[in-house]
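final_10.cif (mmCIF, C-alpha atoms) appears below.
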```cif
data_start
loop_
_atom_site.label_atom_id
_atom_site.label_comp_id
_atom_site.auth_asym_id
_atom_site.auth_seq_id
_atom_site.Cartn_x
_atom_site.Cartn_y
_atom_site.Cartn_z
CA MET A 1 85.84 123.53 100.38
CA TYR A 2 86.18 123.80 96.63
CA PRO A 3 89.18 125.11 94.72
CA ARG A 4 88.64 127.89 92.23
CA GLN A 5 87.51 126.68 88.83
CA PHE A 6 90.20 125.33 86.56
CA ASP A 7 90.54 123.48 83.31
CA TYR A 8 91.65 119.89 83.49
CA THR A 9 93.42 117.62 81.10
CA ALA A 10 94.63 114.05 81.57
CA PRO A 11 97.00 113.44 78.67
CA ALA A 12 97.88 109.92 77.55
CA SER A 13 101.55 110.64 76.85
CA ILE A 14 104.41 112.79 78.15
CA GLU A 15 104.60 114.58 74.80
CA GLU A 16 100.95 115.52 75.04
CA ALA A 17 101.42 116.67 78.64
CA LEU A 18 104.43 118.79 77.71
CA SER A 19 102.58 120.52 74.93
CA ALA A 20 99.73 121.36 77.34
CA LEU A 21 102.10 123.12 79.75
CA GLY A 22 102.24 126.88 79.91
CA GLU A 23 102.56 129.74 82.39
CA ASP A 24 99.19 129.13 84.04
CA ALA A 25 99.38 125.33 84.08
CA LYS A 26 100.39 123.02 86.90
CA VAL A 27 101.44 119.39 86.71
CA MET A 28 99.64 117.02 89.07
CA ALA A 29 100.63 113.45 89.86
CA GLY A 30 99.07 112.20 93.13
CA GLY A 31 97.84 115.66 94.10
CA MET A 32 98.65 115.26 97.79
CA SER A 33 100.39 118.63 97.98
CA LEU A 34 98.67 120.45 95.14
CA ILE A 35 95.04 119.73 96.00
CA PRO A 36 95.22 121.01 99.62
CA LEU A 37 96.87 124.22 98.34
CA MET A 38 94.15 124.61 95.72
CA LYS A 39 91.39 123.95 98.24
CA LEU A 40 92.80 126.61 100.55
CA ARG A 41 93.01 128.83 97.45
CA LEU A 42 96.62 129.55 98.21
CA PHE A 43 97.29 128.49 94.65
CA SER A 44 94.86 128.50 91.73
CA PRO A 45 96.29 127.30 88.43
CA GLY A 46 94.18 127.89 85.33
CA LEU A 47 94.96 124.42 84.02
CA VAL A 48 95.78 121.21 85.85
CA VAL A 49 97.74 118.73 83.75
CA ASP A 50 97.09 115.36 85.38
CA ILE A 51 99.96 113.05 84.46
CA GLY A 52 98.38 110.24 86.48
CA ARG A 53 97.18 108.32 83.43
CA ILE A 54 100.41 108.37 81.43
CA PRO A 55 101.69 104.81 81.07
CA GLY A 56 105.28 103.89 81.76
CA LEU A 57 105.95 106.25 84.66
CA GLU A 58 105.10 103.96 87.55
CA GLY A 59 108.17 101.77 87.61
CA ILE A 60 111.30 101.44 89.73
CA GLU A 61 114.02 100.05 87.51
CA ASP A 62 117.59 98.90 87.71
CA THR A 63 119.33 100.62 84.80
CA GLY A 64 122.77 99.15 85.44
CA ASP A 65 124.62 101.70 87.54
CA HIS A 66 121.49 103.56 88.66
CA ILE A 67 118.05 102.95 90.08
CA GLU A 68 115.41 104.95 88.25
CA ILE A 69 112.19 105.98 89.99
CA GLY A 70 109.39 107.03 87.64
CA ALA A 71 107.17 110.07 88.13
CA LEU A 72 104.17 108.04 89.25
CA VAL A 73 105.88 105.84 91.85
CA ARG A 74 103.90 106.28 95.08
CA HIS A 75 105.48 106.91 98.46
CA ALA A 76 104.24 103.49 99.61
CA THR A 77 106.12 101.82 96.75
CA THR A 78 109.33 103.79 97.33
CA ALA A 79 109.07 102.85 101.01
CA SER A 80 108.73 99.13 100.39
CA HIS A 81 110.51 98.36 97.11
CA PRO A 82 113.50 96.01 97.50
CA LEU A 83 115.64 97.99 95.02
CA ILE A 84 115.20 101.16 97.08
CA ALA A 85 115.77 99.33 100.36
CA GLU A 86 119.04 98.00 98.94
CA ASN A 87 120.28 101.13 97.20
CA ALA A 88 118.74 104.13 98.92
CA GLN A 89 117.76 103.32 102.48
CA ALA A 90 117.58 107.00 103.38
CA LEU A 91 114.99 107.57 100.67
CA ALA A 92 113.04 104.42 101.58
CA THR A 93 112.81 105.49 105.20
CA ALA A 94 111.95 109.07 104.24
CA ALA A 95 109.14 107.75 102.03
CA SER A 96 107.85 105.51 104.82
CA LEU A 97 107.66 108.57 107.10
CA THR A 98 105.94 110.81 104.54
CA GLY A 99 102.33 111.76 105.33
CA ASP A 100 100.18 108.88 106.52
CA VAL A 101 98.96 105.59 105.06
CA GLN A 102 96.39 107.20 102.77
CA VAL A 103 98.80 109.90 101.58
CA ARG A 104 101.47 107.30 100.85
CA ASN A 105 98.98 105.37 98.71
CA ARG A 106 98.39 108.39 96.44
CA GLY A 107 101.32 110.78 96.66
CA THR A 108 104.40 110.26 94.52
CA THR A 109 108.09 110.52 95.36
CA CYS A 110 108.77 112.71 92.32
CA GLY A 111 105.79 114.89 93.23
CA ALA A 112 107.12 115.43 96.74
CA LEU A 113 110.51 116.39 95.32
CA ALA A 114 109.03 118.76 92.72
CA HIS A 115 106.88 120.35 95.44
CA SER A 116 110.07 121.19 97.37
CA ASP A 117 108.54 121.73 100.77
CA VAL A 118 111.11 123.03 103.26
CA ALA A 119 110.18 120.32 105.75
CA ALA A 120 109.52 117.35 103.47
CA ASP A 121 111.31 114.06 104.10
CA GLN A 122 112.22 112.72 100.69
CA PRO A 123 114.22 115.73 99.46
CA ALA A 124 116.70 115.05 102.27
CA GLY A 125 116.88 111.39 101.25
CA ALA A 126 117.36 112.31 97.60
CA LEU A 127 120.13 114.79 98.47
CA ALA A 128 122.00 112.32 100.65
CA CYS A 129 121.68 109.49 98.13
CA GLY A 130 123.09 111.68 95.36
CA ALA A 131 119.94 111.63 93.25
CA VAL A 132 119.80 113.22 89.84
CA MET A 133 116.49 114.66 88.67
CA VAL A 134 115.44 114.00 85.08
CA ALA A 135 113.41 116.89 83.71
CA ARG A 136 111.74 116.77 80.32
CA SER A 137 110.45 119.60 78.19
CA SER A 138 109.49 119.86 74.53
CA ASN A 139 113.12 120.87 73.94
CA GLY A 140 114.53 117.65 75.35
CA THR A 141 115.77 116.18 78.61
CA ARG A 142 118.12 117.63 81.17
CA GLU A 143 119.54 116.25 84.37
CA ILE A 144 119.64 118.32 87.53
CA ALA A 145 121.76 117.30 90.52
CA ALA A 146 119.73 117.11 93.72
CA GLY A 147 121.98 119.78 95.23
CA ASP A 148 120.88 122.23 92.52
CA PHE A 149 117.24 121.17 92.45
CA PHE A 150 115.86 122.61 95.70
CA VAL A 151 115.99 126.36 95.24
CA ASP A 152 113.79 127.83 97.95
CA SER A 153 110.57 127.23 99.86
CA LEU A 154 108.16 125.46 97.45
CA THR A 155 110.52 126.30 94.60
CA SER A 156 112.48 123.79 92.59
CA ALA A 157 114.75 124.28 89.61
CA LEU A 158 112.05 122.97 87.27
CA GLU A 159 110.96 125.41 84.58
CA PRO A 160 107.24 125.90 83.91
CA ASN A 161 107.60 123.92 80.67
CA GLU A 162 109.29 120.95 82.36
CA ILE A 163 108.04 117.75 84.00
CA LEU A 164 110.09 115.73 86.45
CA THR A 165 109.73 112.39 84.69
CA SER A 166 112.03 110.36 86.94
CA ILE A 167 114.93 110.48 89.35
CA ARG A 168 118.11 108.42 89.18
CA ILE A 169 120.00 107.20 92.20
CA PRO A 170 123.47 105.71 91.95
CA LYS A 171 123.46 102.09 93.04
CA THR A 172 125.05 101.27 96.34
CA THR A 173 128.39 99.53 96.21
CA PRO A 174 129.95 97.62 99.12
CA GLY A 175 131.08 99.94 101.89
CA GLU A 176 128.19 102.38 101.37
CA GLY A 177 125.02 102.95 103.38
CA SER A 178 122.43 105.62 104.09
CA ALA A 179 119.72 106.49 106.59
CA TYR A 180 117.09 109.10 107.46
CA ASP A 181 115.57 110.17 110.76
CA LYS A 182 113.41 113.06 111.92
CA LEU A 183 111.25 114.56 114.61
CA GLY A 184 107.74 115.00 113.20
CA CYS A 185 105.54 118.02 113.83
CA ARG A 186 103.03 115.81 115.66
CA GLY A 187 105.71 114.10 117.70
CA GLY A 188 107.57 110.90 116.96
CA HIS A 189 107.76 110.43 113.23
CA SER A 190 104.33 111.87 112.40
CA ASP A 191 103.83 114.68 109.93
CA TYR A 192 106.36 117.03 108.32
CA ALA A 193 109.78 117.34 109.93
CA VAL A 194 110.43 119.85 112.68
CA ALA A 195 113.93 118.77 111.84
CA GLY A 196 115.22 115.79 109.93
CA ALA A 197 118.47 114.54 108.47
CA ALA A 198 119.58 112.04 105.87
CA ALA A 199 123.10 110.70 105.64
CA TRP A 200 125.03 108.66 103.11
CA VAL A 201 128.49 107.33 103.90
CA ARG A 202 131.19 105.29 102.21
CA ARG A 203 133.60 103.42 104.43
CA SER A 204 136.83 101.73 103.51
CA ASN A 205 139.36 100.03 105.80
CA GLY A 206 137.67 101.40 108.90
CA SER A 207 137.54 105.03 107.89
CA ILE A 208 134.96 107.20 106.16
CA THR A 209 136.12 108.07 102.66
CA ASP A 210 133.07 109.98 101.47
CA ALA A 211 129.88 111.34 103.04
CA ARG A 212 126.83 113.38 102.15
CA VAL A 213 124.49 114.72 104.81
CA ALA A 214 121.29 116.65 104.16
CA ILE A 215 118.91 118.41 106.50
CA THR A 216 115.25 119.32 106.20
CA GLY A 217 112.79 121.35 108.23
CA VAL A 218 115.30 123.80 109.61
CA GLY A 219 116.26 126.15 106.79
CA THR A 220 114.77 127.81 103.74
CA LYS A 221 114.98 124.57 101.74
CA PRO A 222 116.11 120.97 102.10
CA GLN A 223 119.86 121.19 101.64
CA LEU A 224 123.20 119.48 101.93
CA ALA A 225 125.11 120.13 105.13
CA GLU A 226 128.40 120.14 103.29
CA ALA A 227 130.53 120.97 106.29
CA VAL A 228 129.30 117.83 108.06
CA GLY A 229 130.18 115.63 105.11
CA GLN A 230 133.66 117.14 104.89
CA ALA A 231 134.21 116.78 108.63
CA LEU A 232 133.30 113.09 108.53
CA VAL A 233 135.74 112.20 105.76
CA GLY A 234 138.96 110.76 107.12
CA THR A 235 137.50 109.91 110.52
CA ASP A 236 136.88 106.43 111.89
CA GLY A 237 133.14 107.11 112.27
CA SER A 238 133.36 106.87 116.04
CA ASP A 239 130.65 108.45 118.18
CA ALA A 240 133.04 111.28 119.01
CA ALA A 241 133.86 111.93 115.36
CA ILE A 242 130.18 111.90 114.43
CA ALA A 243 129.29 114.25 117.28
CA ALA A 244 132.07 116.65 116.26
CA ALA A 245 130.91 116.64 112.62
CA ALA A 246 127.26 117.06 113.64
CA GLU A 247 128.18 120.30 115.39
CA LYS A 248 128.49 121.75 111.87
CA ALA A 249 124.93 120.75 110.92
CA VAL A 250 123.68 124.28 110.30
CA GLU A 251 126.94 125.84 109.08
CA GLY A 252 125.98 128.09 106.18
CA VAL A 253 122.27 127.41 106.78
CA THR A 254 119.74 130.14 107.56
CA VAL A 255 117.81 128.52 110.39
CA LEU A 256 114.20 129.68 110.44
CA GLU A 257 111.93 129.68 113.44
CA ASP A 258 108.42 128.38 112.84
CA LEU A 259 105.37 127.23 114.80
CA PHE A 260 107.17 124.09 115.86
CA GLY A 261 110.41 125.44 117.15
CA SER A 262 112.67 128.42 117.80
CA GLU A 263 115.89 128.96 115.91
CA GLU A 264 117.82 127.65 118.91
CA TYR A 265 115.68 124.51 119.23
CA LYS A 266 115.85 123.76 115.52
CA THR A 267 119.61 124.21 115.52
CA HIS A 268 119.83 121.77 118.40
CA LEU A 269 117.53 119.26 116.66
CA ALA A 270 119.48 119.52 113.40
CA LYS A 271 122.63 118.41 115.24
CA VAL A 272 120.80 115.61 117.04
CA TYR A 273 119.24 114.22 113.86
CA VAL A 274 122.42 114.58 111.83
CA ARG A 275 124.18 112.54 114.50
CA ARG A 276 121.48 109.88 114.49
CA ALA A 277 121.30 109.71 110.70
CA VAL A 278 125.07 109.35 110.28
CA LYS A 279 125.22 106.68 112.95
CA ALA A 280 122.36 104.77 111.34
CA ALA A 281 123.95 105.14 107.88
CA LEU A 282 127.15 103.55 109.20
CA THR A 283 125.08 100.71 110.66
CA ASN A 284 123.42 100.27 107.26
CA VAL A 285 126.71 99.96 105.40
CA TYR A 286 126.89 96.66 103.63
CA MET B 1 83.79 104.24 87.88
CA THR B 2 82.45 101.50 90.06
CA ILE B 3 81.15 102.29 93.54
CA ASN B 4 80.46 99.36 95.84
CA GLY B 5 80.24 97.08 92.83
CA ARG B 6 77.81 99.29 90.93
CA ALA B 7 78.94 100.94 87.69
CA VAL B 8 78.18 104.66 87.75
CA THR B 9 78.58 107.42 85.18
CA ALA B 10 78.29 111.13 85.73
CA GLU B 11 79.47 114.48 84.42
CA VAL B 12 81.36 116.55 86.96
CA GLU B 13 83.26 119.80 87.10
CA PRO B 14 87.02 119.21 87.30
CA ARG B 15 87.07 120.74 90.79
CA THR B 16 84.49 118.33 92.20
CA LEU B 17 86.18 116.45 95.00
CA LEU B 18 85.67 112.71 95.12
CA VAL B 19 84.08 112.96 98.57
CA HIS B 20 81.47 115.44 97.34
CA PHE B 21 80.77 113.28 94.31
CA ILE B 22 80.23 110.28 96.58
CA ARG B 23 78.07 112.12 99.09
CA GLU B 24 76.10 114.55 96.96
CA GLN B 25 75.82 112.90 93.57
CA MET B 26 75.88 109.27 94.62
CA ARG B 27 73.96 110.03 97.84
CA LEU B 28 76.28 107.80 99.85
CA THR B 29 76.62 109.92 102.96
CA GLY B 30 78.41 107.37 105.13
CA THR B 31 81.72 108.82 103.95
CA HIS B 32 82.23 111.91 106.09
CA VAL B 33 83.76 115.31 105.47
CA GLY B 34 85.82 116.27 108.48
CA CYS B 35 88.82 118.56 108.44
CA GLU B 36 88.83 119.13 104.66
CA THR B 37 92.59 119.53 104.72
CA GLY B 38 93.75 115.95 104.38
CA TYR B 39 94.48 115.30 108.03
CA CYS B 40 91.52 113.68 109.72
CA GLY B 41 90.75 110.72 107.46
CA ALA B 42 86.95 110.81 108.01
CA CYS B 43 86.61 110.75 104.20
CA THR B 44 88.68 107.55 103.77
CA VAL B 45 87.45 105.19 101.05
CA HIS B 46 89.13 102.42 99.10
CA LEU B 47 90.34 103.18 95.58
CA ASP B 48 91.30 99.99 93.75
CA GLY B 49 91.69 98.34 97.15
CA LYS B 50 93.88 101.02 98.78
CA ALA B 51 92.79 103.44 101.50
CA ILE B 52 92.79 107.03 100.25
CA LYS B 53 91.38 110.35 101.42
CA SER B 54 88.49 111.25 99.12
CA CYS B 55 88.61 114.95 100.14
CA THR B 56 92.07 115.20 98.62
CA MET B 57 91.27 113.77 95.24
CA PHE B 58 89.25 115.10 92.33
CA ALA B 59 86.42 112.90 91.13
CA VAL B 60 87.88 113.05 87.61
CA GLN B 61 91.05 111.37 88.88
CA ALA B 62 88.93 108.39 89.89
CA GLU B 63 87.47 107.90 86.43
CA GLY B 64 87.46 104.17 85.75
CA ALA B 65 88.47 103.30 89.31
CA ASP B 66 86.88 100.82 91.66
CA ILE B 67 85.67 102.62 94.80
CA THR B 68 84.45 101.03 98.02
CA THR B 69 82.78 103.16 100.67
CA ILE B 70 81.57 102.25 104.15
CA GLU B 71 78.19 101.37 102.61
CA GLY B 72 79.88 98.61 100.62
CA VAL B 73 81.64 96.65 103.35
CA ALA B 74 78.79 94.75 105.06
CA ASP B 75 77.39 91.61 103.52
CA GLY B 76 73.69 92.40 103.55
CA GLU B 77 72.58 92.31 107.18
CA ASN B 78 75.90 90.80 108.30
CA LEU B 79 78.39 93.36 109.48
CA HIS B 80 81.98 93.26 108.27
CA PRO B 81 84.24 91.87 111.05
CA VAL B 82 85.71 95.35 111.55
CA GLN B 83 82.23 96.86 111.93
CA GLU B 84 81.39 94.07 114.36
CA GLY B 85 84.61 94.79 116.26
CA PHE B 86 83.71 98.47 116.66
CA TRP B 87 80.29 97.37 117.96
CA GLU B 88 81.59 94.67 120.30
CA ARG B 89 84.54 96.62 121.68
CA HIS B 90 82.88 100.02 121.87
CA GLY B 91 85.26 101.50 119.29
CA LEU B 92 83.30 104.71 118.92
CA GLN B 93 81.55 107.43 120.80
CA CYS B 94 80.22 110.17 118.53
CA GLY B 95 80.82 108.06 115.42
CA PHE B 96 82.03 110.83 113.16
CA CYS B 97 85.45 109.33 112.45
CA THR B 98 84.11 105.76 112.41
CA PRO B 99 83.48 105.21 108.68
CA GLY B 100 86.97 106.40 107.79
CA MET B 101 88.50 104.55 110.71
CA ILE B 102 86.81 101.32 109.61
CA MET B 103 87.96 101.74 106.01
CA SER B 104 91.56 102.24 107.17
CA ALA B 105 91.31 99.25 109.50
CA ILE B 106 89.96 97.04 106.71
CA ALA B 107 92.82 98.07 104.42
CA LEU B 108 95.30 97.33 107.18
CA LEU B 109 93.85 93.89 107.88
CA GLU B 110 93.79 93.01 104.19
CA GLU B 111 97.56 93.40 104.18
CA ASN B 112 98.22 92.00 107.64
CA ASP B 113 95.66 89.95 109.54
CA ARG B 114 97.89 89.59 112.60
CA PRO B 115 98.93 93.18 113.36
CA SER B 116 100.59 94.08 116.63
CA GLU B 117 99.13 96.95 118.65
CA THR B 118 101.89 99.19 117.26
CA GLU B 119 101.07 98.15 113.70
CA ILE B 120 97.39 98.88 114.31
CA ARG B 121 98.23 102.33 115.67
CA HIS B 122 100.44 103.01 112.63
CA GLY B 123 97.75 101.65 110.32
CA ILE B 124 95.24 104.22 111.56
CA GLU B 125 97.75 107.09 111.82
CA GLY B 126 95.89 108.94 109.07
CA ASN B 127 92.61 108.93 110.99
CA LEU B 128 91.87 111.25 113.87
CA CYS B 129 89.38 110.45 116.63
CA ARG B 130 88.56 113.10 119.18
CA CYS B 131 86.43 110.94 121.51
CA THR B 132 87.96 107.60 122.27
CA GLY B 133 91.65 108.21 122.78
CA TYR B 134 92.00 105.34 120.26
CA HIS B 135 92.18 102.67 122.96
CA ASN B 136 88.94 100.90 122.12
CA ILE B 137 89.52 101.39 118.41
CA VAL B 138 92.71 99.36 118.73
CA ARG B 139 90.74 96.72 120.66
CA ALA B 140 88.09 96.72 117.92
CA VAL B 141 90.70 96.09 115.25
CA GLU B 142 92.26 93.31 117.34
CA TYR B 143 88.79 91.76 117.64
CA ALA B 144 88.29 92.00 113.87
CA ALA B 145 91.73 90.58 113.10
CA ALA B 146 90.96 87.52 115.23
CA LYS B 147 87.56 87.10 113.57
CA ILE B 148 89.08 87.34 110.09
CA ARG B 149 91.68 84.70 110.99
CA GLY B 150 88.94 82.49 112.41
CA ASP B 151 90.34 82.79 115.96
CA GLU B 152 88.52 83.53 119.18
CA PRO B 153 88.74 87.32 119.75
CA PRO B 154 90.53 88.41 122.94
CA PRO B 155 88.10 89.17 125.78
CA PRO B 156 87.05 92.81 126.21
CA ASP B 157 89.02 94.95 128.64
CA TRP B 158 86.08 95.08 131.04
CA GLU B 159 86.22 91.30 131.48
CA ARG B 160 89.98 91.08 131.81
CA GLY B 161 90.14 92.68 135.26
CA SER B 162 92.83 95.19 136.04
#
```

Please lay out the structure from this file as structure tokens.
Amino acid sequence: MYPRQFDYTAPASIEEALSALGEDAKVMAGGMSLIPLMKLRLFSPGLVVDIGRIPGLEGIEDTGDHIEIGALVRHATTASHPLIAENAQALATAASLTGDVQVRNRGTTCGALAHSDVAADQPAGALACGAVMVARSSNGTREIAAGDFFVDSLTSALEPNEILTSIRIPKTTPGEGSAYDKLGCRGGHSDYAVAGAAAWVRRSNGSITDARVAITGVGTKPQLAEAVGQALVGTDGSDAAIAAAAEKAVEGVTVLEDLFGSEEYKTHLAKVYVRRAVKAALTNVY
Amino acid sequence: MTINGRAVTAEVEPRTLLVHFIREQMRLTGTHVGCETGYCGACTVHLDGKAIKSCTMFAVQAEGADITTIEGVADGENLHPVQEGFWERHGLQCGFCTPGMIMSAIALLEENDRPSETEIRHGIEGNLCRCTGYHNIVRAVEYAAAKIRGDEPPPPDWERGS
């Protein structure tokens, strides 16, 4: 099963990669999403710009108040890196539940975000952890809040002339914690999410002072469940308070039926996984 | 790139998948093409020591890499402990998934030579087998893990009684 013919370039620098970009070009990092689409001929770019050989993009760094994840950081690294475990548990767990062992060895966190699959794990983690996407073009660098980044199914806010070079996640401070959980399409945690949720909470003196909850797999894009976050703030984080907030999981969300579940089932799952994620996030508070 | 310790050079089209390069140009047909969509893992090889799916990678991406295929794991006539485990514990029936399954198992045991049954099952989550129900594959990996550690492998199920 071969893709259609295409031209290929593996630039040695971001600048070179940016100048190669154009309307008919596609950026490839690990290729775990792009290559299957190309093989099925659902997508046939004229030029593949392979950023996999550009040095300096494979690191996870502590930049003071943020953790920065470079464009070539693999899922396996995101899943196991101590800085991510400490500062973005939701993203670490989401990365550990992405694909399978082989996919996690090749695919990249930034690639999964840029791909913007409606049922991917890491977008939910990035949304809950308050990630900021760093997009570069020949005109410079701009930052895009995670909440503005996922636009629609397989559509991110990246322009054709931009490359997602890294993401930045605010470092966790005491009282904060996050978590991710999902039901996979092949049962348990395997495969894309039938429904999944990531939660980030801040607790002070026994009550929740801030919260962000994101859902994936149920709507037209991974998105923040803002009503849940608002409902959690001011509560004591008790099971009852979490359950009441989780009832708002799909408020303002267009729930879409797919092969894995009806609208009703997905709505139910969204509430279940929001509840579990919030509870786990509170347990992860340090 | 290097395949099983041998340096190889070739010209390929950008769209040539690594698995086709390995099978058709390198004539190493132990690596199998199964589902072609990245699910089944029959095409699993090691790239710089990590298990990857060679049907979901272009050969050009592997330029300069160190590849190990199923043909490269035995030491001459001596089977790799994982190969021996599949033999001794009947870890296969039709054998189609076996090369990929063995490559995933080797990668798992290189990171963890004392995996629990759950860890083994997670370690081969990217490999589908339609014959065995995985039971004997898990036993084969347990056998290999013991061998690699220098321990006595657990007895086969058929000698354990019920």

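The smallest atom-to-atom distance between Thr173 (chain A) and any of A:Ala88, A:Val48, A:Leu259, A:Ala29, using only C-alpha atoms, is found for A:Ala88.
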
(message) Within 10 Å of chain A, which residues belong to chain B? Use only C-alpha atoms and report them as a PyMOL selection string.
(response) chain B and resi 13-17+20+33+35-39+41+44-47+50-58+60-61+104+107-108+122-127

Emit the selected residues as an mmCIF file, in the frame of the given file, including C-alpha atoms.
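Written file, out-v3.cif:
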```cif
data_model
loop_
_atom_site.group_PDB
_atom_site.id
_atom_site.type_symbol
_atom_site.label_atom_id
_atom_site.label_comp_id
_atom_site.auth_asym_id
_atom_site.auth_seq_id
_atom_site.Cartn_x
_atom_site.Cartn_y
_atom_site.Cartn_z
ATOM 1 C CA GLU B 13 83.260 119.800 87.100
ATOM 2 C CA PRO B 14 87.020 119.210 87.300
ATOM 3 C CA ARG B 15 87.070 120.740 90.790
ATOM 4 C CA THR B 16 84.490 118.330 92.200
ATOM 5 C CA LEU B 17 86.180 116.450 95.000
ATOM 6 C CA HIS B 20 81.470 115.440 97.340
ATOM 7 C CA VAL B 33 83.760 115.310 105.470
ATOM 8 C CA CYS B 35 88.820 118.560 108.440
ATOM 9 C CA GLU B 36 88.830 119.130 104.660
ATOM 10 C CA THR B 37 92.590 119.530 104.720
ATOM 11 C CA GLY B 38 93.750 115.950 104.380
ATOM 12 C CA TYR B 39 94.480 115.300 108.030
ATOM 13 C CA GLY B 41 90.750 110.720 107.460
ATOM 14 C CA THR B 44 88.680 107.550 103.770
ATOM 15 C CA VAL B 45 87.450 105.190 101.050
ATOM 16 C CA HIS B 46 89.130 102.420 99.100
ATOM 17 C CA LEU B 47 90.340 103.180 95.580
ATOM 18 C CA LYS B 50 93.880 101.020 98.780
ATOM 19 C CA ALA B 51 92.790 103.440 101.500
ATOM 20 C CA ILE B 52 92.790 107.030 100.250
ATOM 21 C CA LYS B 53 91.380 110.350 101.420
ATOM 22 C CA SER B 54 88.490 111.250 99.120
ATOM 23 C CA CYS B 55 88.610 114.950 100.140
ATOM 24 C CA THR B 56 92.070 115.200 98.620
ATOM 25 C CA MET B 57 91.270 113.770 95.240
ATOM 26 C CA PHE B 58 89.250 115.100 92.330
ATOM 27 C CA VAL B 60 87.880 113.050 87.610
ATOM 28 C CA GLN B 61 91.050 111.370 88.880
ATOM 29 C CA SER B 104 91.560 102.240 107.170
ATOM 30 C CA ALA B 107 92.820 98.070 104.420
ATOM 31 C CA LEU B 108 95.300 97.330 107.180
ATOM 32 C CA HIS B 122 100.440 103.010 112.630
ATOM 33 C CA GLY B 123 97.750 101.650 110.320
ATOM 34 C CA ILE B 124 95.240 104.220 111.560
ATOM 35 C CA GLU B 125 97.750 107.090 111.820
ATOM 36 C CA GLY B 126 95.890 108.940 109.070
ATOM 37 C CA ASN B 127 92.610 108.930 110.990
#
```

**Prompt:** Do you know which residues the PyMOL selection byres ((chain B and resi 115) around 12) returns on this file, as a PyMOL selection string?
**Reply:** chain B and resi 105-114+116-124+138-139+141-146+148-149

Checklist entry - Between A:Val213, A:Leu158, A:Ala20, A:Leu256, which one has atoms that come closest to Trp200 (chain A), using only C-alpha atoms? => result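 Counting only C-alpha atoms, the residue closest to Trp200 (chain A) is A:Val213.
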
Might you spell out which residues the PyMOL selection byres ((chain A and resi 218) around 10) would select in the displayed file, as a ChimeraX atom specification? /A:118-119,193-197,215-217,219-223,250,253-258,261-263,265-267,269-270

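Going from CA of Asp65 (chain A) to CA of Gly130 (chain A) covers 12.8 Å.
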
One residue among A:Cys129, A:Val272, A:Ala112, A:Val233 is nearest to Ala85 (chain A) when using only C-alpha atoms, and that residue is A:Cys129

| message | Can you spell out as a list in words the set of residues that the PyMOL selection byres ((chain A and resi 226) around 10) selects in the structure I just provided? | response |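 Matching residues under the PyMOL selection byres ((chain A and resi 226) around 10) are Ala211, Arg212, Val213, Ala214, Gln223, Leu224, Ala225, Ala227, Val228, Gly229, Gln230, Ala231, Lys248, Ala249, Val250, Glu251 and Gly252 of chain A.
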
At what distance in Å, to one decimal, does CA of Ala140 (chain B) lie from CA of Asn4 (chain B)?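 Computing it gives 23.5 Å between the two atoms.
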
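A cut-off of 8 Å from the point (85.8, 93.3, 105.0), with all atoms listed in the file, picks out the residues Val73, Ala74, His80, Pro81, Val82 and Ile106 of chain B.
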
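Around Val201 (chain A), within 9 Å and counting only C-alpha atoms, the residues found are Ala128, Gly175, Glu176, Gly177, Ser178, Ile208, Thr209, Asp210, Ala211, Arg212, Val213, Gly229, Leu232, Val233, Val278, Ala281, Leu282 and Val285 of chain A, once anything fewer than 3 positions away on its own chain is removed.
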
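Between CA of Gly64 (chain A) and CA of Lys171 (chain A) lies a distance of 8.2 Å.
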
One residue among B:Met103, B:Ala65, B:Cys97, B:Cys129 is nearest to His32 (chain B) when using all atoms listed in the file, and that residue is B:Cys97

Box along x, y and z, 3 Å on every side, all listed atoms of region 170-180 of chain A inside: centre and edge lengths in Å to one decimal, as AutoDock Vina command-line options.
```
--center_x 124.1 --center_y 103.4 --center_z 99.7 --size_x 20.0 --size_y 17.5 --size_z 21.5
```

Among listed residues A:Gly206, A:Pro170, A:Pro123, A:Gly187, nearest Val151 (chain A) (using all atoms listed in the file)
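When distances to Val151 (chain A) are compared using all atoms listed in the file, the smallest one comes from A:Pro123.
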
Point to revise | Nearest-residue call for Leu92 (chain B), choices B:Met1, B:Leu128, B:Leu28, B:Val19, using only C-alpha atoms | key: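 Selected residue with least distance to Leu92 (chain B): B:Leu128.
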